[in-house]
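See below for run-v8.csv, which holds CSV, C-alpha atoms.
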chain,number,residue,atom,x,y,z
K,10,MET,CA,12.5,8.9,-31.2
K,11,SER,CA,13.9,9.4,-27.8
K,12,ASP,CA,12.7,9.1,-24.2
K,13,GLU,CA,14.7,12.2,-23.4
K,14,TYR,CA,12.2,14.3,-25.2
K,15,LEU,CA,9.3,12.5,-23.8
K,16,PHE,CA,10.5,12.9,-20.2
K,17,GLU,CA,12.3,16.2,-20.2
K,18,LYS,CA,11.5,17.9,-23.5
K,19,GLN,CA,15.2,17.9,-24.4
K,20,GLY,CA,16.2,17.2,-28.0
K,21,SER,CA,13.5,16.5,-30.5
K,22,ASP,CA,11.0,13.9,-31.4
K,23,GLY,CA,8.9,14.4,-34.5
K,24,GLU,CA,6.1,12.0,-33.5
K,25,ILE,CA,5.6,13.4,-30.0
K,26,GLU,CA,5.9,17.0,-31.3
K,27,LYS,CA,3.2,16.3,-33.8
K,28,LEU,CA,1.0,14.9,-31.0
K,29,GLU,CA,1.7,17.9,-28.9
K,30,SER,CA,0.8,20.2,-31.7
K,31,LEU,CA,-2.4,18.4,-32.3
K,32,LEU,CA,-3.5,18.3,-28.7
K,33,SER,CA,-2.5,21.9,-27.9
K,34,VAL,CA,-6.1,22.9,-28.7
K,35,TYR,CA,-7.1,21.3,-25.5
K,36,ARG,CA,-4.6,23.1,-23.3
K,37,ILE,CA,-5.9,25.0,-20.4
K,38,GLU,CA,-6.7,28.7,-20.6
K,39,PRO,CA,-5.8,29.7,-17.0
K,40,VAL,CA,-8.5,31.9,-15.4
K,41,VAL,CA,-8.1,32.2,-11.7
K,42,PRO,CA,-11.5,31.7,-10.0
K,43,LYS,CA,-12.7,34.7,-8.1
K,44,LEU,CA,-12.8,33.8,-4.4
K,45,PRO,CA,-15.8,34.4,-2.2
K,46,THR,CA,-14.5,36.3,0.9
K,47,ALA,CA,-16.3,34.5,3.7
K,48,VAL,CA,-16.0,31.0,2.4
K,49,LEU,CA,-12.8,29.8,4.0
K,50,ASP,CA,-13.8,27.0,6.2
K,51,LYS,CA,-11.7,27.1,9.3
K,52,THR,CA,-13.7,24.7,11.4
K,53,LEU,CA,-11.5,21.7,10.9
K,54,ASN,CA,-8.4,23.5,11.9
K,55,GLY,CA,-10.1,24.9,14.9
K,56,ARG,CA,-8.5,28.3,14.5
K,57,PHE,CA,-11.8,30.1,14.1
K,58,GLY,CA,-14.1,27.4,15.4
K,59,TRP,CA,-15.0,29.6,18.3
K,60,PHE,CA,-16.3,32.2,15.9
K,61,LYS,CA,-19.0,29.9,14.5
K,62,PHE,CA,-19.6,28.6,18.0
K,63,SER,CA,-20.2,32.1,19.2
K,64,TYR,CA,-22.8,32.6,16.5
K,65,GLY,CA,-24.6,29.5,17.6
K,66,PHE,CA,-24.4,30.5,21.2
K,67,ALA,CA,-25.6,34.0,20.5
K,68,PHE,CA,-28.6,32.6,18.6
K,69,ALA,CA,-29.5,30.1,21.3
K,70,THR,CA,-29.2,32.8,24.0
K,71,ALA,CA,-31.4,35.1,21.9
K,72,VAL,CA,-34.0,32.5,21.6
K,73,LEU,CA,-34.0,31.8,25.4
K,74,ILE,CA,-34.2,35.5,26.2
K,75,PHE,CA,-37.0,36.0,23.8
K,76,ALA,CA,-38.9,33.1,25.3
K,77,ALA,CA,-38.3,34.4,28.8
K,78,ALA,CA,-39.4,37.9,27.7
K,79,VAL,CA,-42.7,36.6,26.2
K,80,THR,CA,-43.5,34.6,29.3
K,81,THR,CA,-42.7,37.5,31.6
K,82,LEU,CA,-44.7,40.0,29.6
K,83,GLN,CA,-47.7,37.6,29.6
K,84,PHE,CA,-47.4,37.3,33.3
K,85,LEU,CA,-47.2,41.0,33.8
K,86,ASP,CA,-50.1,41.6,31.5
K,87,ARG,CA,-52.2,39.1,33.4
K,88,SER,CA,-51.3,40.7,36.7
K,89,ALA,CA,-52.2,44.1,35.3
K,90,ARG,CA,-55.6,42.8,34.3
K,91,GLU,CA,-56.3,41.5,37.8
K,92,VAL,CA,-55.3,44.8,39.3
K,93,THR,CA,-57.2,47.1,37.0
K,94,SER,CA,-61.0,47.1,36.7
K,95,ILE,CA,-62.2,48.2,33.3
K,96,SER,CA,-65.9,48.7,32.6
K,97,PRO,CA,-66.7,48.0,29.1
K,98,VAL,CA,-68.8,50.6,27.5
K,99,GLU,CA,-71.0,49.8,24.6
K,100,THR,CA,-72.7,52.5,22.7
K,101,PRO,CA,-76.1,51.3,21.5
K,102,GLU,CA,-76.3,51.3,17.8
K,103,ILE,CA,-79.2,53.2,16.2
K,104,ASP,CA,-80.6,52.7,12.8
K,105,ARG,CA,-81.5,56.3,12.2
K,106,PRO,CA,-82.0,59.3,14.5
K,107,PHE,CA,-85.5,60.2,15.6
K,108,VAL,CA,-86.8,63.3,13.9
K,109,ALA,CA,-90.0,64.8,15.3
K,110,PRO,CA,-92.4,66.1,12.6
K,111,SER,CA,-92.9,69.9,12.7
K,112,ASN,CA,-96.2,71.4,13.6
K,113,ALA,CA,-96.7,73.0,10.1
K,114,ASP,CA,-96.3,69.6,8.4
K,115,GLN,CA,-98.7,68.0,10.8
K,116,ALA,CA,-101.3,70.7,10.2
K,117,ALA,CA,-101.0,70.3,6.5
K,118,ILE,CA,-101.7,66.6,6.6
K,119,ASP,CA,-104.3,66.4,9.3
K,120,PRO,CA,-107.4,68.5,9.6
K,121,PRO,CA,-108.1,70.1,13.0
K,122,THR,CA,-109.7,67.7,15.4
K,123,THR,CA,-111.4,67.8,18.7
K,124,ILE,CA,-109.7,67.2,21.9
K,125,ASN,CA,-111.3,63.8,22.4
K,126,GLU,CA,-110.3,62.7,18.9
K,127,THR,CA,-106.8,64.0,19.4
K,128,THR,CA,-106.5,62.1,22.7
K,129,ALA,CA,-107.7,58.9,21.0
K,130,GLU,CA,-105.2,59.4,18.2
K,131,ILE,CA,-102.4,60.2,20.6
K,132,LYS,CA,-103.1,56.8,22.3
K,133,ASN,CA,-102.7,55.1,18.9
K,134,LEU,CA,-99.8,57.2,17.8
K,135,THR,CA,-96.6,55.3,17.0
K,136,ARG,CA,-93.4,57.0,16.4
K,137,PRO,CA,-90.1,55.7,15.4
K,138,MET,CA,-88.0,55.0,18.3
K,139,PRO,CA,-84.3,54.3,18.4
K,140,VAL,CA,-83.6,50.7,18.4
K,141,ALA,CA,-80.5,49.2,20.0
K,142,LEU,CA,-79.4,46.3,17.8
K,143,HIS,CA,-77.0,45.0,20.4
K,144,ARG,CA,-77.5,45.7,24.0
K,145,SER,CA,-75.1,44.6,26.6
K,146,ARG,CA,-76.4,43.0,29.7
K,147,LYS,CA,-74.6,45.4,31.9
K,148,PRO,CA,-75.6,49.0,31.3
K,149,ALA,CA,-72.8,51.4,30.7
K,150,VAL,CA,-71.8,53.4,33.7
K,151,ASN,CA,-70.0,56.2,31.9
K,152,ASN,CA,-67.9,56.7,28.7
K,153,VAL,CA,-64.6,57.0,30.4
K,154,VAL,CA,-62.5,53.8,30.2
K,155,ALA,CA,-60.7,53.4,33.4
K,156,VAL,CA,-57.1,52.6,32.6
K,157,LYS,CA,-54.7,52.1,35.3
K,158,THR,CA,-51.0,51.4,34.9
K,159,PRO,CA,-50.1,48.1,36.5
K,160,ARG,CA,-48.7,48.4,39.9
K,161,LEU,CA,-45.3,46.8,40.0
K,162,THR,CA,-43.2,46.0,42.9
K,163,LYS,CA,-39.7,47.2,43.1
K,164,GLU,CA,-38.3,43.8,42.1
K,165,GLU,CA,-40.7,43.5,39.2
K,166,LYS,CA,-39.8,46.9,38.0
K,167,TYR,CA,-36.1,46.1,38.1
K,168,ALA,CA,-36.8,42.8,36.3
K,169,TYR,CA,-38.8,44.6,33.7
K,170,ASP,CA,-36.0,47.1,33.1
K,171,GLN,CA,-33.4,44.3,32.8
K,172,LEU,CA,-35.6,42.6,30.4
K,173,LYS,CA,-35.9,45.6,28.2
K,174,VAL,CA,-32.1,46.0,28.2
K,175,ALA,CA,-31.7,42.3,27.3
K,176,LEU,CA,-34.2,42.5,24.5
K,177,TRP,CA,-32.4,45.6,23.1
K,178,ILE,CA,-29.0,43.8,23.2
K,179,THR,CA,-30.5,40.6,21.6
K,180,GLY,CA,-32.1,42.7,18.9
K,181,SER,CA,-28.8,44.3,18.0
K,182,LYS,CA,-27.0,40.9,18.0
K,183,LEU,CA,-29.6,39.3,15.8
K,184,LYS,CA,-29.3,42.2,13.4
K,185,VAL,CA,-25.5,41.6,13.2
K,186,VAL,CA,-26.1,37.9,12.6
K,187,GLN,CA,-28.7,38.7,9.9
K,188,ASP,CA,-26.5,41.2,8.2
K,189,THR,CA,-23.6,38.6,8.1
K,190,ILE,CA,-25.9,36.0,6.7
K,191,ASP,CA,-27.2,38.4,4.1
K,192,ARG,CA,-23.7,39.4,3.2
K,193,VAL,CA,-22.6,35.7,2.7
K,194,ASP,CA,-25.7,35.0,0.6
K,195,ASP,CA,-25.0,38.0,-1.6
K,196,LYS,CA,-21.4,36.9,-2.1
K,197,ARG,CA,-22.6,33.4,-3.0
K,198,SER,CA,-25.1,34.6,-5.4
K,199,GLU,CA,-22.6,37.0,-7.0
K,200,THR,CA,-20.2,34.1,-7.4
K,201,ALA,CA,-22.9,31.9,-8.9
K,202,ASN,CA,-23.9,34.6,-11.3
K,203,GLU,CA,-20.3,35.2,-12.3
K,204,LYS,CA,-19.8,31.5,-12.9
K,205,ARG,CA,-22.9,31.5,-15.1
T,3,MET,CA,29.9,17.1,22.9
T,4,PRO,CA,27.9,19.0,25.5
T,5,GLU,CA,24.1,18.6,25.4
T,6,GLY,CA,23.4,22.3,24.7
T,7,GLU,CA,25.8,22.3,21.7
T,8,LEU,CA,24.2,19.1,20.4
T,9,ALA,CA,20.7,20.5,20.8
T,10,GLN,CA,21.8,23.7,19.0
T,11,LYS,CA,23.2,21.7,16.1
T,12,ILE,CA,20.1,19.6,15.8
T,13,LEU,CA,18.0,22.8,15.8
T,14,MET,CA,20.2,24.4,13.1
T,15,PHE,CA,19.9,21.2,11.1
T,16,SER,CA,16.2,21.0,11.4
T,17,ASN,CA,15.8,24.7,10.5
T,18,ALA,CA,18.0,24.3,7.5
T,19,SER,CA,16.0,21.2,6.5
T,20,ALA,CA,12.8,23.2,6.9
T,21,VAL,CA,14.2,26.0,4.7
T,22,GLU,CA,15.3,23.5,2.1
T,23,THR,CA,11.8,21.9,2.1
T,24,VAL,CA,10.2,25.2,1.5
T,25,LYS,CA,12.6,26.0,-1.3
T,26,LEU,CA,11.9,22.6,-2.9
T,27,ARG,CA,8.2,22.9,-2.4
T,28,PRO,CA,7.2,26.5,-2.8
T,29,GLU,CA,3.5,25.6,-2.5
T,30,ILE,CA,3.9,25.1,1.2
T,31,GLU,CA,4.6,28.8,1.8
T,32,LEU,CA,1.8,29.8,-0.6
T,33,ILE,CA,-0.7,27.5,1.2
T,34,GLU,CA,0.2,29.2,4.5
T,35,ARG,CA,-0.3,32.6,2.9
T,36,VAL,CA,-3.7,31.5,1.5
T,37,ARG,CA,-4.7,30.4,5.0
T,38,ASN,CA,-3.9,33.9,6.2
T,39,GLY,CA,-6.3,35.3,3.6
T,40,ASP,CA,-3.8,36.2,0.8
T,41,GLU,CA,-5.7,35.9,-2.5
T,42,GLU,CA,-2.6,36.6,-4.6
T,43,ALA,CA,-1.0,33.5,-3.1
T,44,PHE,CA,-4.1,31.6,-4.2
T,45,GLY,CA,-3.7,32.9,-7.7
T,46,GLU,CA,-0.1,31.7,-7.7
T,47,LEU,CA,-1.2,28.3,-6.4
T,48,TYR,CA,-3.7,28.2,-9.2
T,49,LYS,CA,-1.1,28.9,-11.9
T,50,MET,CA,1.2,26.3,-10.4
T,51,PHE,CA,-1.4,23.5,-10.3
T,52,ALA,CA,-4.0,24.4,-12.9
T,53,SER,CA,-2.4,22.4,-15.6
T,54,MET,CA,-2.2,19.3,-13.5
T,55,VAL,CA,-5.9,19.6,-12.4
T,56,HIS,CA,-6.9,20.3,-16.0
T,57,GLY,CA,-5.0,17.2,-17.1
T,58,VAL,CA,-6.7,15.0,-14.5
T,59,VAL,CA,-10.2,16.3,-15.4
T,60,LEU,CA,-9.6,16.2,-19.2
T,61,ALA,CA,-8.7,12.6,-18.9
T,62,ARG,CA,-12.2,11.8,-17.7
T,63,VAL,CA,-14.7,14.5,-18.7
T,64,PRO,CA,-15.7,16.1,-22.1
T,65,ARG,CA,-13.9,19.2,-23.0
T,66,ASP,CA,-16.8,21.6,-22.6
T,67,ASP,CA,-17.2,20.9,-18.9
T,68,VAL,CA,-13.6,20.7,-18.0
T,69,GLN,CA,-13.0,24.4,-17.3
T,70,ASP,CA,-16.0,24.6,-14.9
T,71,ILE,CA,-14.9,21.5,-13.0
T,72,VAL,CA,-11.4,22.9,-12.7
T,73,GLN,CA,-12.8,26.1,-11.2
T,74,ASP,CA,-14.9,24.0,-8.8
T,75,VAL,CA,-11.9,21.9,-7.8
T,76,PHE,CA,-9.9,25.0,-6.8
T,77,LEU,CA,-12.9,26.6,-5.0
T,78,ALA,CA,-13.4,23.3,-3.1
T,79,ALA,CA,-9.7,23.2,-2.2
T,80,TYR,CA,-9.8,26.8,-1.0
T,81,LYS,CA,-12.8,26.1,1.2
T,82,ASN,CA,-11.3,23.0,2.7
T,83,LEU,CA,-7.7,24.0,2.8
T,84,ASN,CA,-7.6,23.6,6.6
T,85,SER,CA,-8.5,20.0,6.3
T,86,LEU,CA,-5.2,19.4,4.6
T,87,LYS,CA,-2.9,17.9,7.3
T,88,ASP,CA,0.3,17.8,5.4
T,89,ASP,CA,0.9,20.8,3.1
T,90,SER,CA,3.6,18.9,1.2
T,91,LEU,CA,0.8,16.6,-0.1
T,92,PHE,CA,-1.2,19.5,-1.5
T,93,GLY,CA,-0.7,18.3,-5.2
T,94,ALA,CA,-1.9,14.7,-4.4
T,95,TRP,CA,-4.8,16.1,-2.4
T,96,LEU,CA,-5.8,18.4,-5.2
T,97,ALA,CA,-5.6,15.6,-7.8
T,98,LYS,CA,-7.9,13.5,-5.6
T,99,ILE,CA,-10.4,16.3,-5.4
T,100,ALA,CA,-10.2,16.6,-9.2
T,101,ARG,CA,-10.8,12.9,-9.6
T,102,ASN,CA,-13.8,13.0,-7.2
T,103,ARG,CA,-15.3,15.9,-9.0
T,104,ALA,CA,-15.0,14.2,-12.3
T,105,ALA,CA,-16.6,11.1,-10.9
T,106,GLU,CA,-19.4,13.3,-9.4
T,107,TRP,CA,-19.9,14.9,-12.8
T,108,TYR,CA,-20.6,11.4,-14.3
T,109,ARG,CA,-23.0,10.6,-11.5
T,110,THR,CA,-25.1,13.8,-11.9
T,111,ARG,CA,-25.0,14.4,-15.6
T,112,LYS,CA,-27.9,13.8,-17.9
T,113,PRO,CA,-27.4,10.8,-20.2
T,114,THR,CA,-26.3,12.5,-23.5
T,115,ASP,CA,-23.8,11.6,-26.1
T,116,GLU,CA,-20.9,14.0,-26.6
T,117,LEU,CA,-20.9,15.3,-30.1
T,118,ASP,CA,-17.7,14.4,-31.9
T,119,GLU,CA,-15.2,17.2,-32.0
T,120,SER,CA,-14.6,16.9,-35.7
T,121,VAL,CA,-18.3,17.2,-36.4
T,122,ARG,CA,-18.6,20.2,-34.1
T,123,THR,CA,-15.8,22.2,-35.5
T,124,GLY,CA,-15.7,20.9,-39.0
T,125,GLU,CA,-12.0,21.1,-39.0
T,126,ASN,CA,-9.8,18.1,-40.0
T,127,LYS,CA,-7.1,19.0,-37.5
T,128,HIS,CA,-9.5,19.1,-34.6
T,129,GLY,CA,-10.9,15.8,-35.7
T,130,GLU,CA,-7.4,14.3,-35.5
T,131,ALA,CA,-6.9,15.8,-32.1
T,132,ALA,CA,-10.2,14.4,-30.9
T,133,GLU,CA,-9.2,11.0,-32.2
T,134,VAL,CA,-5.9,11.1,-30.3
T,135,LEU,CA,-7.6,12.4,-27.1
T,136,ARG,CA,-10.1,9.5,-27.4
T,137,ALA,CA,-7.3,7.0,-27.7
T,138,ILE,CA,-5.5,8.5,-24.7
T,139,ARG,CA,-8.7,8.3,-22.7
T,140,SER,CA,-9.2,4.7,-23.6
T,141,LEU,CA,-6.0,3.9,-21.6
T,142,SER,CA,-6.0,3.3,-17.9
T,143,ASP,CA,-6.2,6.3,-15.6
T,144,ALA,CA,-2.6,6.3,-14.6
T,145,TYR,CA,-1.4,6.4,-18.2
T,146,SER,CA,-4.1,8.8,-19.6
T,147,GLU,CA,-3.6,11.4,-16.8
T,148,THR,CA,0.2,11.3,-17.2
T,149,LEU,CA,0.1,11.5,-21.0
T,150,ILE,CA,-2.4,14.3,-21.1
T,151,MET,CA,-0.3,16.3,-18.7
T,152,ARG,CA,2.7,15.7,-20.9
T,153,LEU,CA,1.2,16.0,-24.4
T,154,VAL,CA,-1.6,18.5,-23.8
T,155,GLU,CA,-0.4,20.6,-20.9
T,156,GLY,CA,3.3,20.4,-22.0
T,157,MET,CA,4.6,19.4,-18.5
T,158,THR,CA,7.9,17.5,-18.1
T,159,ALA,CA,8.1,14.3,-16.1
T,160,LYS,CA,9.7,16.2,-13.3
T,161,GLU,CA,6.9,18.7,-13.2
T,162,ILE,CA,4.3,16.0,-13.3
T,163,ALA,CA,5.9,14.2,-10.4
T,164,GLU,CA,6.1,17.5,-8.3
T,165,ARG,CA,2.5,18.4,-9.0
T,166,THR,CA,0.9,15.1,-8.5
T,167,GLY,CA,3.0,13.9,-5.6
T,168,LEU,CA,4.0,10.8,-7.6
T,169,LYS,CA,7.6,9.5,-7.7
T,170,PRO,CA,9.6,10.6,-10.7
T,171,GLU,CA,10.3,7.0,-11.6
T,172,SER,CA,6.6,6.2,-11.6
T,173,VAL,CA,5.9,9.1,-13.9
T,174,ARG,CA,8.6,8.0,-16.3
T,175,VAL,CA,7.2,4.4,-16.3
T,176,ASN,CA,3.7,5.7,-16.9
T,177,LEU,CA,4.8,8.0,-19.7
T,178,HIS,CA,6.9,5.3,-21.4
T,179,ARG,CA,4.3,2.5,-21.2
T,180,GLY,CA,1.4,4.9,-21.9
T,181,MET,CA,3.2,6.2,-25.0
T,182,GLU,CA,3.8,2.6,-26.2
T,183,LEU,CA,0.1,1.8,-25.8
T,184,LEU,CA,-1.0,5.0,-27.5
T,185,ARG,CA,1.2,4.3,-30.5
T,186,GLN,CA,-0.4,0.9,-30.8
T,187,ARG,CA,-3.9,2.3,-30.6
T,188,LEU,CA,-3.1,5.0,-33.1
T,189,GLY,CA,-1.3,2.6,-35.4
T,190,ILE,CA,1.9,4.6,-35.4
T,191,GLY,CA,5.3,2.8,-35.1
T,192,GLY,CA,8.9,3.5,-34.4
T,193,GLU,CA,11.6,2.0,-32.2
T,194,ARG,CA,12.4,3.9,-29.0
T,195,LYS,CA,15.9,4.6,-28.0
Have the structure of the file written as structure tokens, please.
Amino acid sequence: MSDEYLFEKQGSDGEIEKLESLLSVYRIEPVVPKLPTAVLDKTLNGRFGWFKFSYGFAFATAVLIFAAAVTTLQFLDRSAREVTSISPVETPEIDRPFVAPSNADQAAIDPPTTINETTAEIKNLTRPMPVALHRSRKPAVNNVVAVKTPRLTKEEKYAYDQLKVALWITGSKLKVVQDTIDRVDDKRSETANEKR
Amino acid sequence: MPEGELAQKILMFSNASAVETVKLRPEIELIERVRNGDEEAFGELYKMFASMVHGVVLARVPRDDVQDIVQDVFLAAYKNLNSLKDDSLFGAWLAKIARNRAAEWYRTRKPTDELDESVRTGENKHGEAAEVLRAIRSLSDAYSETLIMRLVEGMTAKEIAERTGLKPESVRVNLHRGMELLRQRLGIGGERK
């Protein structure tokens, strides 16, 4: 037995060769792992650190713009309510419509009477009247709802336009971020599935 | 010697030294290519170091889980490649990841007993192999890793030293002493030359 074979596999050594032969069943079967595309972490090197930072910055900006937009819209809405007067109209609800009995039906039921009797009966006559289940305290003026567009000053209109543009840009940025996240998740799940 | 000429000579020497280093350690160029997104270079790195990683993991973890852990080790290396400060230490770094993953496997695994290889396969040869592997694993880590790389993966002492970042002398000592201990454990004799 020689160390030459043990160290450099030169010459021969029956004992070691037998062990090698026995243990060869455990030898690796090389299968190169499939790499996820977006997994390379470049943060520590700092080469692409700005890339992740930009994502974070974009997200924070989007949140701020959204909050500002909501606040501004609420303010504008409140202003519009103060400017516009709207009279609420409530239509009284009726159980069933009033239907007057026809003369022929009335004649068939009741025999002819004298004028005095008729007058007395008319006094006692009750007829179904429309009943309003919910009546508003203020009577309706008309059925037309007065809607006025809020009057904006020049500055407010400019701010509103800018806000719309900002929201549009933010929406598109958020969509890009969401698409990227979805793509990374898909790749991860693909890798996980392949590993299984 | 004028300063300019001296500087030029130093530059030439350093360039030649850098070229020599890349020739001696081809993984350095591969690592740089991987960093630039070259997947083929990663495949070459895998082929170069898979045996070493497999040896390190097999010295600690049951055979059935070794392949998965090896894959995990390479994926982890790929993800964190930029945290590697000195590319010439890639092998040692990779071996460390492999050892950590193996330790993590023991921390997270369910407490089960591994079925004996001979019982599983029903083959006498595999039974012997399992017995030898068990004997190797019973040695200390330095010996068992080196012996598995040599006897299972078929690497030479020089290759083991290059891949693990150990000194060739240390590898030889580990192989020699480890082999002696293994022979004692297995009850096989013979004088070494």
With a distance cut-off of 10 Å and all atoms listed in the file, select the neighbouring residues of Tyr64 of chain K, excluding the residue or stretch itself and same-chain residues fewer than 5 positions from it, and output the selection as a PyMOL selection string.
chain K and resi 59+69-70+182-183+185-186
Selected residues written out, C-alpha atoms, as a short mmCIF file (atom, residue, chain, number, x, y, z; two decimals), in the coordinates of the input:
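Printed below is out.cif as written:
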data_model
loop_
_atom_site.label_atom_id
_atom_site.label_comp_id
_atom_site.auth_asym_id
_atom_site.auth_seq_id
_atom_site.Cartn_x
_atom_site.Cartn_y
_atom_site.Cartn_z
CA TRP K 59 -15.00 29.60 18.30
CA ALA K 69 -29.50 30.10 21.30
CA THR K 70 -29.20 32.80 24.00
CA LYS K 182 -27.00 40.90 18.00
CA LEU K 183 -29.60 39.30 15.80
CA VAL K 185 -25.50 41.60 13.20
CA VAL K 186 -26.10 37.90 12.60
#
So how far away is atom CA of Leu176 of chain K from atom CA of Val72 of chain K, in Å?
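Here the two named atoms are 10.4 Å from each other.
When all atoms listed in the file are used to compute distances to Asp170 of chain K, the closest of the residues K:Leu15, K:Ala201, K:Ala78, K:Ile190 turns out to be K:Ala78.
Distances to chain T were evaluated for K:Pro159, K:Gly23, K:Gly65, K:Gly180 using only C-alpha atoms, and the minimum falls at K:Gly23.
Picture a line from atom CA of Ser146 of chain T to atom CA of Pro28 of chain T; it runs 26.9 Å.
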Please determine the contact residues of chain T with respect to chain K at a cut-off of 9 Å, counting only C-alpha atoms, and supply them as number ranges by chain.
T: 37, 39, 41, 44-46, 48-49, 52-53, 56-57, 60, 65, 69-70, 73-74, 76-77, 80-86, 127-128, 130-132, 134-135, 150, 152-160, 173-174, 177-178, 181, 190, 192-195
Could you check which of T:Arg165, T:Tyr145, T:Asp67, T:Met54 is closest to Arg179 of chain T, using all atoms listed in the file?
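Closest to Arg179 of chain T, using all atoms listed in the file: T:Tyr145.
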Distance of atom CA of Ser142 of chain T from atom CA of Gly93 of chain T, expressed in Å to one decimal place:
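Answer for the atom CA of Gly93 of chain T to atom CA of Ser142 of chain T separation: 20.4 Å.
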Could you check which of K:Thr200, K:Ser21, K:Phe68, K:Ala77 is closest to Gln171 of chain K, using only C-alpha atoms?
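Smallest distance to Gln171 of chain K is found for K:Ala77.
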Between T:Val55, T:Ala144, T:Ala61, T:Ala163, which is the closest to Ala100 of chain T once you count only C-alpha atoms?
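Looking only at the distances to Ala100 of chain T, the closest residue turns out to be T:Val55.
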